[in-house]
Amino acid sequence: MSVRSILGALAIAFTAYLAFRALALTEPVPNPAVSYVAFALYLVTTWLCIYWDPSRRRGSGQNRDAAVSHRLPIWATVLALVTTAVVPAAIAFAVGEEFRTAPFATWYLGGLGALMVIVTVRGRPWIAWVGIAILTVESAVLMGPANTLALGLVGSIVWVVVAHLLRFSLDRAAKDTTQLAQLQRAASAWQASQLVRGRERRVQVQRALAVAGPVLTRVVATGGVLAEEDRLEARLAEGRLRDELRGPRLLDDDVRSELDRARRRGAAVTVLDEGGLDGLEEDALETIRHELAETLRSAASDRLYIRTSPHDSIAVTVVGRSGSDQGLSDEDAVDLWREIPHS
């Protein structure tokens, strides 16, 4: 059984207990039918305030088991206030002035107090206080202030105070719980990102050691006196490290091989990932890398610039320049221009 069902059943039982005293007319009253009508109006209004749930009627499925705590619509609060104003006057008219303080005529003090508690719980506490004010003034006029306080008004006021405080406390607890859940999600996301970054750093360090380790070992072994071949390997190692740091998403074995080949023939190569590849699937990245490797395989430029593009349709731009730029325009100096589109 859901929490909503349990709370709804308790509310119905309690309000019915308070209201059914209106049926126990132990004395002949002038207009018993009016008393019954007031009784029916009270029950209909109270039970509507307990169970009316617009989101459930729309089938939205948002927190159905907590429908009792959903805010009442305006028309329901107006109906509750009208009931609070009408029922005391109707009961007073039904029983006559002689029996206004009889138990079967004072049930509305507790019953309408319970209705205002329901209105408070359903998210309209200030409307409930308006209802309590109406009940206080009207019952004091009909029965006198002393009788009103002695026959149950104080208990109704206390119920609404307690309901208001509980509602406020629960709202604060729900808000704090939501904030805590958001903080936990943020902390989990931060921890996950740190784990990913730490893993990436370890991979990069291992790759750097694999690339630069042999060269550094050779430098130490020779005391810094390197042969021309060793100097070339050192320059290649530096280029590989720059590539791994600046554009790791552009690299696979084929691209690395072509970059090495270009550097060995004397070309200056710059690889730079400036964004634009975020969120791409691995298949799309493999296609881009394959086209990049094919472009580098046929390139003969002295300087190669490989950059990712933030453009919606262009993934990578490859620019090649050759010869001296003196006396030549930018367009004349470019001998390779290749735009690799998003697949």
# chains A, B, ... in the order shown; residues from 1 in each chain; ligands from 1
$ select_by_dssp --residues "segment 137-282 of chain A" --states "strand (DSSP E or B)" --output "ChimeraX atom specification"
/A:268-272
$ closest_atom_pairs --of "segment 156-209 of chain A" --to "segment 95-110 of chain A" --cutoff "10 Å" --atoms "only C-alpha atoms" --output "CSV"
residue,atom,partner,partner_atom,distance
A:Ser156,CA,A:Gly110,CA,5.8
A:Ile157,CA,A:Gly110,CA,9.5
A:Trp159,CA,A:Gly110,CA,9.5
$ residues_around --residues "segment 206-223 of chain A" --least-positions-apart "2" --cutoff "7 Å" --atoms "only C-alpha atoms" --output "short mmCIF file (atom, residue, chain, number, x, y, z; two decimals) with N, CA, C and O atoms, in the first residue's frame"
data_model
loop_
_atom_site.label_atom_id
_atom_site.label_comp_id
_atom_site.auth_asym_id
_atom_site.auth_seq_id
_atom_site.Cartn_x
_atom_site.Cartn_y
_atom_site.Cartn_z
N ARG A 202 48.65 9.29 -17.29
CA ARG A 202 49.53 8.10 -17.17
C ARG A 202 49.85 7.53 -18.55
O ARG A 202 50.99 7.13 -18.81
N VAL A 203 48.83 7.50 -19.42
CA VAL A 203 49.08 7.00 -20.77
C VAL A 203 50.08 7.89 -21.50
O VAL A 203 51.00 7.40 -22.18
N GLN A 204 49.92 9.22 -21.35
CA GLN A 204 50.83 10.14 -22.03
C GLN A 204 52.26 10.02 -21.47
O GLN A 204 53.23 10.08 -22.23
N VAL A 225 77.29 14.07 -26.45
CA VAL A 225 77.95 14.14 -27.76
C VAL A 225 77.26 13.14 -28.68
O VAL A 225 77.49 11.93 -28.61
N LEU A 226 76.37 13.65 -29.53
CA LEU A 226 75.54 12.78 -30.37
C LEU A 226 76.00 12.82 -31.82
O LEU A 226 76.42 13.87 -32.34
N ALA A 234 66.59 12.45 -31.98
CA ALA A 234 66.15 13.34 -30.90
C ALA A 234 65.12 14.33 -31.41
O ALA A 234 64.11 14.61 -30.73
N ALA A 237 61.90 12.48 -31.87
CA ALA A 237 61.27 12.21 -30.58
C ALA A 237 60.58 13.45 -30.05
O ALA A 237 59.46 13.38 -29.50
N LEU A 241 56.53 13.80 -29.31
CA LEU A 241 55.97 14.24 -28.03
C LEU A 241 55.04 15.44 -28.21
O LEU A 241 53.98 15.52 -27.59
#
$ atom_distance --atom1 "atom CA of Leu81 of chain A" --atom2 "atom CA of Ala174 of chain A"
28.4 Å
$ select_by_dssp --residues "segment 135-168 of chain A" --states "alpha helix (DSSP H)" --output "ChimeraX atom specification"
/A:135-143,145-148,154-168
$ residues_around --residues "Glu138 of chain A" --least-positions-apart "5" --cutoff "9 Å" --atoms "only C-alpha atoms" --output "compact mmCIF listing (two decimals) with N, CA, C and O atoms, in the first residue's frame"
# COMPACT_ATOMS: atom_id res chain seq x y z
N ALA A 85 -17.04 29.31 5.14
CA ALA A 85 -17.96 30.41 5.43
C ALA A 85 -19.42 29.96 5.48
O ALA A 85 -20.21 30.48 6.28
N PRO A 88 -20.83 26.94 8.92
CA PRO A 88 -21.28 27.42 10.24
C PRO A 88 -22.63 28.13 10.19
O PRO A 88 -23.49 27.91 11.06
N ALA A 89 -22.81 28.98 9.19
CA ALA A 89 -24.09 29.69 9.08
C ALA A 89 -25.23 28.72 8.79
O ALA A 89 -26.34 28.86 9.35
N ALA A 133 -9.34 32.30 10.10
CA ALA A 133 -9.85 33.62 10.49
C ALA A 133 -11.36 33.70 10.25
O ALA A 133 -12.11 34.21 11.08
N MET A 143 -21.85 31.79 18.27
CA MET A 143 -21.90 31.12 19.57
C MET A 143 -21.31 31.95 20.71
O MET A 143 -21.45 31.57 21.87
